[in-house]
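Colleague: Please find one structure pasted underneath; my questions will follow.
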Amino acid sequence: MNGDFVFTTKSRIILSTFNDETLLAADFLSHLVANPTGFKTKVAEGKKPESGSVFMMLDTAIKDKEGYVLTITPKKIIIKAKSAPGLFYAVQTIRQLMPVDVEKPFVVEGFRLAVPACEIKDAPRFAYRGMHLDVCRHFFPPGDVKRYIDMIALHKMNTFHWHLTDDQGWRIEIKKYPRLTEVGAFRKETLVGHDGKQPFVYDGKPYGGFYTQDEIRDIVAYAKSKFVTIIPEIEMPGHALAALAAYPALSCTGGPFDVYTRWGVVDDVYCAGKEETFNFLEDVLTEVIGLFPGKYIHIGGDECPKTRWEKCPLCQKRIKAEGLKDEQELQSYFIRRIEKFLNSKGRKIIGWDEILEGGLAPEAAVMSWRGTDGGIAAAQQKHDVIMTPGEYVYLDHYQCEPADQPLAIGGYLPLERVYSYNPMPSELKSEEQKYILGIQGNVWTEYIGTRDYLDYMTYPRMIAIAETGWTQDRLKDFDDFLARFEASGKRYDVMGINYFKGEYRDTRAVR
Ligand code: ACM
Ligand code: ZN
C-alpha cells in the first residue's frame, strides 16, 4: 500500500480494552505525538477503528505473548496484540517509522507527523531481553538510569539488571542499616589508569553516591510504564567489601576495611559461618523485595575467593556441622540458604554461573557469563538460563582496535561480533532449549565514569543484542542490520546519544 498516515489535531487513540496496562501503551504514543506537534491525541475507549485515528486491541488469536500486528493505511492505524507489551512494542515500531525530529523534546514548527503505510507482524524470539548496568564502580544518577531504561524500551527489550552493590560502592538505601550508604556508598579515591599497570596511582578525590528508596520506587514505576522489569542485584558472598567497610563484623576477620579504590576481586567476603551474616542479608533482602516487584532477585555469586573461609574457624565449623565437602559446597550452602529465604517470600533467585559450583540451588536461574558452558550445564540440569557470555555481550570491552580508543578493561568486541551471537547453544537437545530464556548485554563500569562514555560503549552494540533477542537466527544479516542502523543513526543524534561511530566490522575475523 502507498501513502502515509498523518497525525492531526483530530487523531485519537482508541483502546478496545481499556485498562491500566493498555493505557500505558496508548499514553506513550500520545506523548510521542505531543512532543514535536504540540497537540495531544486523546485516548478513549471504543470498540471500532475510526478514520484518522489509531485503534489498539488485544487479540487472543495472536499466539506470542509479546507479539503484535501493526497495520498502517492512509486512513487509520490498527494495532493488535496478545497483551499490553505487544501494543507497546507496536508503538515503538511506529516511533521508528516516524521522522527523527519526533525525538525533539519541544514543538517543531510546521512538523508533519507522518508514518508510511505498511503491515508489520512481529514477535520476539526470546522472552528475556535484558541489559545490565554496574552503578557501583561508577555511579549514574537517577536521570541517567531512566535514560538507559528509555533505550531498553525503545529497542523492545524488557529487563534492566541493576548491579547495585559491589566492593567499590553500596548504592541502595537500606533503612535498617544506614551505614551501608553513610559509609559504604563512598570511597576515598579511585585508581587512575588500568588496574593491570603498576605502580597504582590514585586520583585523591572522594567518590560516591546512592539511590534513596524514594528514588528507587520512582525508577521502578518509570520502568514499569515502559514494560521494563528491574532485577536488582545484591552481591554475595563476594564483591561485598563496601558492605564490610560499613559492618566489618560480617567478615571472617572483623576488619577494619575501606571501600575498595581499585578494580578486580577482593579476598574479604561475607563470613559464611556467622548467623549475623544471614540475618543481615535477610533484612536487606526484605527491604529490596519491598522495592522491586519482579520475580527475580539477583544474588551475584561470582568471583568469591575462598581464602578467608579456609582460615576462618566459624566457616570451618559450618562446613563440619553441615557435612559439606569443602569451601565450594559452603558457597552452595550460602546460596541455597538465601534461595530458601527468597522462595519463602515468593521470589526466585538468579546468579552468575559460579553458583553451579558445589551444586545449584534447587530453583535458581543462571546467568552464563564465563562463556556458554555454565548456561549449557544449567539448562541440562533443567534450570532457566540467561546467556550473557563475555566474548559476545560484554560491552565494557573495546569495540575496535584499542590503539586509538579511550581506556577500557580490555578485550575486542566489535559490533559485527556482538551481532553474530546466537544465544541458543547447539549442544542442547531440543527438550533442553526451552531453558534458554534469552540474552543480556552487560555494562561494567570500572573504566566508564561518564554518561557520554557510557553511551559510546553501549550503543550501537546494545541494538545488536536487542535484534538478537527478536530475530530468528536464520533471518539475521549483519549487512542489512548495519544499513538499517546507519539510516536510523540520526534518530540517536537527535536524542543526544553519544554512540560509537567507528569501525563496526570485525577486522580480525578470518573470512
Ligand atoms: C562478572 O562479570 N563478574 C559476572
Ligand atoms: Zn568466616
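Following the order of the C-alpha cells, first chain is A, next is B, and so on, with residues numbered from 1 inside each chain and ligands from 1 in the order they appear.
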Please run DSSP on the backbone and report, as a list in words, all residues within range 351-405 of chain A that come out as strand (DSSP E).

Modeller: Gly351, Trp352, Ala365, Val366, Met367, Ser368, Val385, Ile386 and Met387 of chain A

Colleague: Please write the residues from the selection above to a file, keeping N, CA, C and O atoms, as a short mmCIF file (atom, residue, chain, number, x, y, z; two decimals), in the first residue's frame.

Modeller:
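And here's again-v6.cif as it stands now:
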```cif
data_model
loop_
_atom_site.label_atom_id
_atom_site.label_comp_id
_atom_site.auth_asym_id
_atom_site.auth_seq_id
_atom_site.Cartn_x
_atom_site.Cartn_y
_atom_site.Cartn_z
N GLY A 351 21.62 -16.07 39.60
CA GLY A 351 23.01 -15.79 39.97
C GLY A 351 23.94 -16.05 38.81
O GLY A 351 23.57 -16.69 37.82
N TRP A 352 25.16 -15.53 38.92
CA TRP A 352 26.20 -15.77 37.90
C TRP A 352 26.56 -17.26 37.91
O TRP A 352 26.28 -17.97 38.87
N ALA A 365 17.95 -19.67 38.76
CA ALA A 365 18.25 -19.40 37.35
C ALA A 365 19.71 -18.94 37.27
O ALA A 365 20.26 -18.40 38.23
N VAL A 366 20.32 -19.16 36.10
CA VAL A 366 21.76 -18.93 35.97
C VAL A 366 22.04 -17.95 34.84
O VAL A 366 21.46 -18.06 33.75
N MET A 367 22.94 -17.00 35.11
CA MET A 367 23.45 -16.13 34.05
C MET A 367 24.82 -16.63 33.65
O MET A 367 25.78 -16.59 34.44
N SER A 368 24.93 -17.07 32.41
CA SER A 368 26.18 -17.66 31.91
C SER A 368 27.07 -16.54 31.39
O SER A 368 26.77 -15.95 30.35
N VAL A 385 18.01 -20.21 32.17
CA VAL A 385 19.32 -19.63 31.85
C VAL A 385 19.14 -18.33 31.07
O VAL A 385 18.30 -18.24 30.17
N ILE A 386 19.98 -17.35 31.41
CA ILE A 386 20.14 -16.16 30.58
C ILE A 386 21.56 -16.21 30.03
O ILE A 386 22.52 -16.36 30.79
N MET A 387 21.69 -16.08 28.72
CA MET A 387 23.02 -16.12 28.11
C MET A 387 23.60 -14.72 28.08
O MET A 387 22.99 -13.78 27.55
#
```

Colleague: Return as a PyMOL selection string the residues of protein, DNA or RNA that approach ligand 1 to within 9 Å, with only C-alpha atoms and all ligand atoms taken into account.

Modeller: chain A and resi 265+300-303+351-354+367-370+388-390+394+442+444

Colleague: So that I can see what lies close to Phe28 in chain A, please list as a list in words the residues with an atom at most 9 Å from it, counting only C-alpha atoms and leaving out residues fewer than 5 positions away in the same chain.

Modeller: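 Near neighbours after the sequence-gap exclusion: Leu23, Val33, Phe88, Val91, Ser225 and Lys226 of chain A.
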
Colleague: Each residue of chain A with at least one atom at most 8 Å from ligand 2 should appear once, together with its nearest atom pair and the corresponding distance in Å (one decimal); atoms considered: only C-alpha atoms and all ligand atoms; ordering: chain, then increasing residue number; output as a Markdown table.

Modeller:
```
| residue | atom | partner | partner_atom_place_in_ligand_line | distance |
| --- | --- | --- | --- | --- |
| A:Ser251 | CA | ligand 2 | 1 (Zn) | 6.4 |
| A:Cys252 | CA | ligand 2 | 1 (Zn) | 3.8 |
| A:Thr253 | CA | ligand 2 | 1 (Zn) | 7.4 |
| A:Tyr270 | CA | ligand 2 | 1 (Zn) | 7.1 |
| A:Cys271 | CA | ligand 2 | 1 (Zn) | 3.6 |
| A:Ala272 | CA | ligand 2 | 1 (Zn) | 5.2 |
| A:Gly273 | CA | ligand 2 | 1 (Zn) | 4.9 |
| A:Lys274 | CA | ligand 2 | 1 (Zn) | 6.7 |
| A:Arg308 | CA | ligand 2 | 1 (Zn) | 6.5 |
| A:Trp309 | CA | ligand 2 | 1 (Zn) | 5.0 |
| A:Lys311 | CA | ligand 2 | 1 (Zn) | 7.8 |
| A:Cys312 | CA | ligand 2 | 1 (Zn) | 4.6 |
| A:Pro313 | CA | ligand 2 | 1 (Zn) | 6.7 |
| A:Leu314 | CA | ligand 2 | 1 (Zn) | 5.2 |
| A:Cys315 | CA | ligand 2 | 1 (Zn) | 4.2 |
| A:Gln316 | CA | ligand 2 | 1 (Zn) | 7.5 |
```

Colleague: Of the candidates A:Gly46, A:Gly209, A:Gly130, A:Pro105, which shows the shortest atom-to-atom distance to Pro142 in chain A, using only C-alpha atoms?

Modeller: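 Looking only at the distances to Pro142 in chain A, the closest residue turns out to be A:Gly209.
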
Colleague: Applying 10 Å and only C-alpha atoms, which residues near Met457 in chain A remain after dropping the ones on its own chain fewer than 5 positions away? List them as a PDB file with C-alpha atoms, in the first residue's frame.

Modeller:
```
ATOM      1  CA  TYR A 394      30.362  -7.598  27.484  1.00  0.00           C
ATOM      2  CA  LEU A 395      30.082  -4.018  26.299  1.00  0.00           C
ATOM      3  CA  ASP A 396      32.936  -2.862  28.533  1.00  0.00           C
ATOM      4  CA  HIS A 397      35.311  -4.482  26.043  1.00  0.00           C
ATOM      5  CA  TYR A 398      36.973  -2.492  23.255  1.00  0.00           C
ATOM      6  CA  GLN A 399      34.777  -2.257  20.168  1.00  0.00           C
ATOM      7  CA  ALA A 408      38.689   0.171  28.531  1.00  0.00           C
ATOM      8  CA  VAL A 443      27.986  -2.927  31.020  1.00  0.00           C
ATOM      9  CA  THR A 445      31.827   0.486  34.593  1.00  0.00           C
ATOM     10  CA  ILE A 448      33.278   4.082  32.329  1.00  0.00           C
ATOM     11  CA  ARG A 451      27.332   9.291  30.701  1.00  0.00           C
ATOM     12  CA  ASP A 452      28.931  10.174  27.368  1.00  0.00           C
ATOM     13  CA  MET A 462      23.107  -2.887  22.597  1.00  0.00           C
ATOM     14  CA  ASN A 498      26.827   9.746  22.015  1.00  0.00           C
ATOM     15  CA  TYR A 499      27.005   6.427  20.184  1.00  0.00           C
ATOM     16  CA  PHE A 500      30.213   4.985  18.743  1.00  0.00           C
TER      17      PHE A 500
END
```

Colleague: For Tyr333 in chain A, which residue out of A:Leu250, A:Val284, A:Ile355, A:Ala26 is the nearest one, using only C-alpha atoms?

Modeller: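 Closest residue, counting only C-alpha atoms: A:Ile355.
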
Colleague: Could you give me, as a Markdown table, a per-residue list for range 272-389 of chain A showing, wherever an atom lies at most 6 Å from an atom of range 232-235 of chain A, the closest pair of atoms and their distance in Å to one decimal, using only C-alpha atoms and sorting by chain then residue number from low to high?

Modeller:
```
| residue | atom | partner | partner_atom | distance |
| --- | --- | --- | --- | --- |
| A:Ile297 | CA | A:Pro232 | CA | 5.8 |
| A:His298 | CA | A:Glu233 | CA | 4.4 |
| A:Ile299 | CA | A:Glu235 | CA | 5.2 |
| A:Gly300 | CA | A:Glu235 | CA | 4.4 |
```

Colleague: For the residues in that selection, give me all heavy atoms as a compact mmCIF listing (two decimals), in the first residue's frame.

Modeller:
```txt
# COMPACT_ATOMS: atom_id res chain seq x y z
N ILE A 297 15.33 -11.94 42.06
CA ILE A 297 16.33 -11.15 42.78
C ILE A 297 17.68 -11.77 42.41
O ILE A 297 17.86 -12.99 42.55
CB ILE A 297 16.13 -11.22 44.32
CG1 ILE A 297 14.70 -10.80 44.73
CG2 ILE A 297 17.20 -10.41 45.03
CD1 ILE A 297 14.36 -9.34 44.55
N HIS A 298 18.61 -10.93 41.93
CA HIS A 298 19.94 -11.43 41.56
C HIS A 298 20.83 -11.40 42.80
O HIS A 298 20.93 -10.36 43.46
CB HIS A 298 20.53 -10.54 40.46
CG HIS A 298 21.61 -11.20 39.67
ND1 HIS A 298 22.77 -11.70 40.23
CD2 HIS A 298 21.72 -11.44 38.33
CE1 HIS A 298 23.52 -12.21 39.27
NE2 HIS A 298 22.91 -12.07 38.11
N ILE A 299 21.44 -12.52 43.12
CA ILE A 299 22.25 -12.60 44.34
C ILE A 299 23.75 -12.68 44.03
O ILE A 299 24.55 -13.01 44.89
CB ILE A 299 21.80 -13.76 45.24
CG1 ILE A 299 21.66 -15.09 44.46
CG2 ILE A 299 20.45 -13.47 45.90
CD1 ILE A 299 22.93 -15.74 44.03
N GLY A 300 24.12 -12.35 42.79
CA GLY A 300 25.54 -12.33 42.43
C GLY A 300 26.09 -13.74 42.39
O GLY A 300 25.70 -14.56 41.58
```

Colleague: Write out as a PyMOL selection string each polymer residue whose atoms come within 7 Å of range 1-13 of chain A, counting only C-alpha atoms; drop sequence neighbours fewer than 2 positions from it.

Modeller: chain A and resi 15+26+39+41-44+52-55+72-76+113-118

Colleague: How would the residues just picked look written out with C-alpha atoms as a PDB file, in the first residue's frame?

Modeller:
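Everything below was put into part.pdb:
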```
ATOM      1  CA  LEU A  15      -8.499   1.361  23.092  1.00  0.00           C
ATOM      2  CA  ALA A  26      -1.650   4.491  24.448  1.00  0.00           C
ATOM      3  CA  PHE A  39      -1.112  18.720  20.212  1.00  0.00           C
ATOM      4  CA  THR A  41      -4.037  12.877  20.860  1.00  0.00           C
ATOM      5  CA  LYS A  42      -6.899  11.971  23.165  1.00  0.00           C
ATOM      6  CA  VAL A  43      -7.070   8.429  24.476  1.00  0.00           C
ATOM      7  CA  ALA A  44     -10.586   6.961  24.549  1.00  0.00           C
ATOM      8  CA  GLY A  52      -7.783   9.407  11.147  1.00  0.00           C
ATOM      9  CA  SER A  53      -7.187   7.546  14.414  1.00  0.00           C
ATOM     10  CA  VAL A  54      -5.178   4.743  15.989  1.00  0.00           C
ATOM     11  CA  PHE A  55      -7.070   1.673  17.169  1.00  0.00           C
ATOM     12  CA  ILE A  72      -0.914   1.384   8.821  1.00  0.00           C
ATOM     13  CA  THR A  73      -3.028   2.775   5.988  1.00  0.00           C
ATOM     14  CA  PRO A  74      -3.501   6.417   4.967  1.00  0.00           C
ATOM     15  CA  LYS A  75      -6.867   6.227   6.761  1.00  0.00           C
ATOM     16  CA  LYS A  76      -6.021   4.623  10.067  1.00  0.00           C
ATOM     17  CA  LEU A 113       3.938  13.713  11.678  1.00  0.00           C
ATOM     18  CA  ALA A 114       3.519  11.022   9.051  1.00  0.00           C
ATOM     19  CA  VAL A 115       4.215   7.296   9.031  1.00  0.00           C
ATOM     20  CA  PRO A 116       4.335   5.200   5.860  1.00  0.00           C
ATOM     21  CA  ALA A 117       1.560   2.710   5.126  1.00  0.00           C
ATOM     22  CA  CYS A 118       2.682  -0.840   5.832  1.00  0.00           C
TER      23      CYS A 118
END
```

Colleague: Write out as number ranges by chain each polymer residue whose atoms come within 7 Å of range 430-435 of chain A, counting only C-alpha atoms; drop sequence neighbours fewer than 2 positions from it.

Modeller: A: 379-380, 382-385, 428, 437

Colleague: Looking at A:Lys65, A:Lys197, A:Arg137, A:Arg147, which one is nearest to Ala185 in chain A, with distances taken over only C-alpha atoms?

Modeller: A:Arg137

Colleague: Identify, on the basis of only C-alpha atoms, every residue whose closest approach to Phe126 in chain A does not exceed 12 Å; exclude the query and any residue fewer than 4 positions from it along the same chain; express the result as a PyMOL selection string.

Modeller: chain A and resi 64-67+130+156-159+385-387+422-424+433-440+465-473

Colleague: Hey, can you spit out that residue selection with C-alpha atoms as an mmCIF file, in the first residue's frame?

Modeller:
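result-v2.cif was written with the following content:
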```cif
data_model
loop_
_atom_site.group_PDB
_atom_site.id
_atom_site.type_symbol
_atom_site.label_atom_id
_atom_site.label_comp_id
_atom_site.auth_asym_id
_atom_site.auth_seq_id
_atom_site.Cartn_x
_atom_site.Cartn_y
_atom_site.Cartn_z
ATOM 1 C CA ASP A 64 3.076 -14.878 21.051
ATOM 2 C CA LYS A 65 2.744 -13.164 24.415
ATOM 3 C CA GLU A 66 4.665 -10.093 23.258
ATOM 4 C CA GLY A 67 3.791 -10.282 19.552
ATOM 5 C CA GLY A 130 17.938 -7.597 29.061
ATOM 6 C CA LYS A 156 11.915 -3.630 22.735
ATOM 7 C CA MET A 157 13.932 -5.220 25.490
ATOM 8 C CA ASN A 158 12.097 -5.961 28.724
ATOM 9 C CA THR A 159 14.580 -6.312 31.567
ATOM 10 C CA VAL A 385 19.318 -19.635 31.854
ATOM 11 C CA ILE A 386 20.140 -16.164 30.581
ATOM 12 C CA MET A 387 23.016 -16.121 28.111
ATOM 13 C CA ASN A 422 23.285 -16.961 18.690
ATOM 14 C CA PRO A 423 22.201 -17.474 22.325
ATOM 15 C CA MET A 424 20.861 -20.973 21.658
ATOM 16 C CA GLN A 433 16.300 -25.488 24.646
ATOM 17 C CA LYS A 434 13.296 -24.101 26.479
ATOM 18 C CA TYR A 435 15.503 -23.337 29.470
ATOM 19 C CA ILE A 436 17.394 -20.687 27.496
ATOM 20 C CA LEU A 437 15.153 -17.741 28.337
ATOM 21 C CA GLY A 438 17.152 -15.178 26.454
ATOM 22 C CA ILE A 439 20.047 -12.808 26.147
ATOM 23 C CA GLN A 440 21.505 -9.920 28.106
ATOM 24 C CA ILE A 465 21.747 -7.556 21.235
ATOM 25 C CA ALA A 466 18.153 -6.316 21.022
ATOM 26 C CA GLU A 467 17.874 -7.574 17.464
ATOM 27 C CA THR A 468 19.252 -10.975 18.505
ATOM 28 C CA GLY A 469 16.515 -11.065 21.130
ATOM 29 C CA TRP A 470 13.830 -10.569 18.478
ATOM 30 C CA THR A 471 15.082 -12.178 15.291
ATOM 31 C CA GLN A 472 15.360 -15.832 14.372
ATOM 32 C CA ASP A 473 18.981 -16.706 13.724
#
```

Colleague: Counting only C-alpha atoms, figure out which residue out of A:Pro293, A:Pro406, A:Gly254, A:Gly238 gets nearest to Phe334 in chain A.

Modeller: A:Gly238

Colleague: Tell me which of A:Asp506, A:Glu391, A:Glu446, A:Asp493 sits closest to Ile409 in chain A, counting only C-alpha atoms.

Modeller: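 Looking at the shortest contact to Ile409 in chain A, the residue is A:Glu446.
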
Colleague: DSSP on the backbone, helix (DSSP H, G or I) only: what residues of range 329-441 of chain A does that give? Format it as an NGL selection string.

Modeller: :A and (329-344 or 353-356 or 373-380 or 390-393 or 402-404 or 415-420 or 430-435)
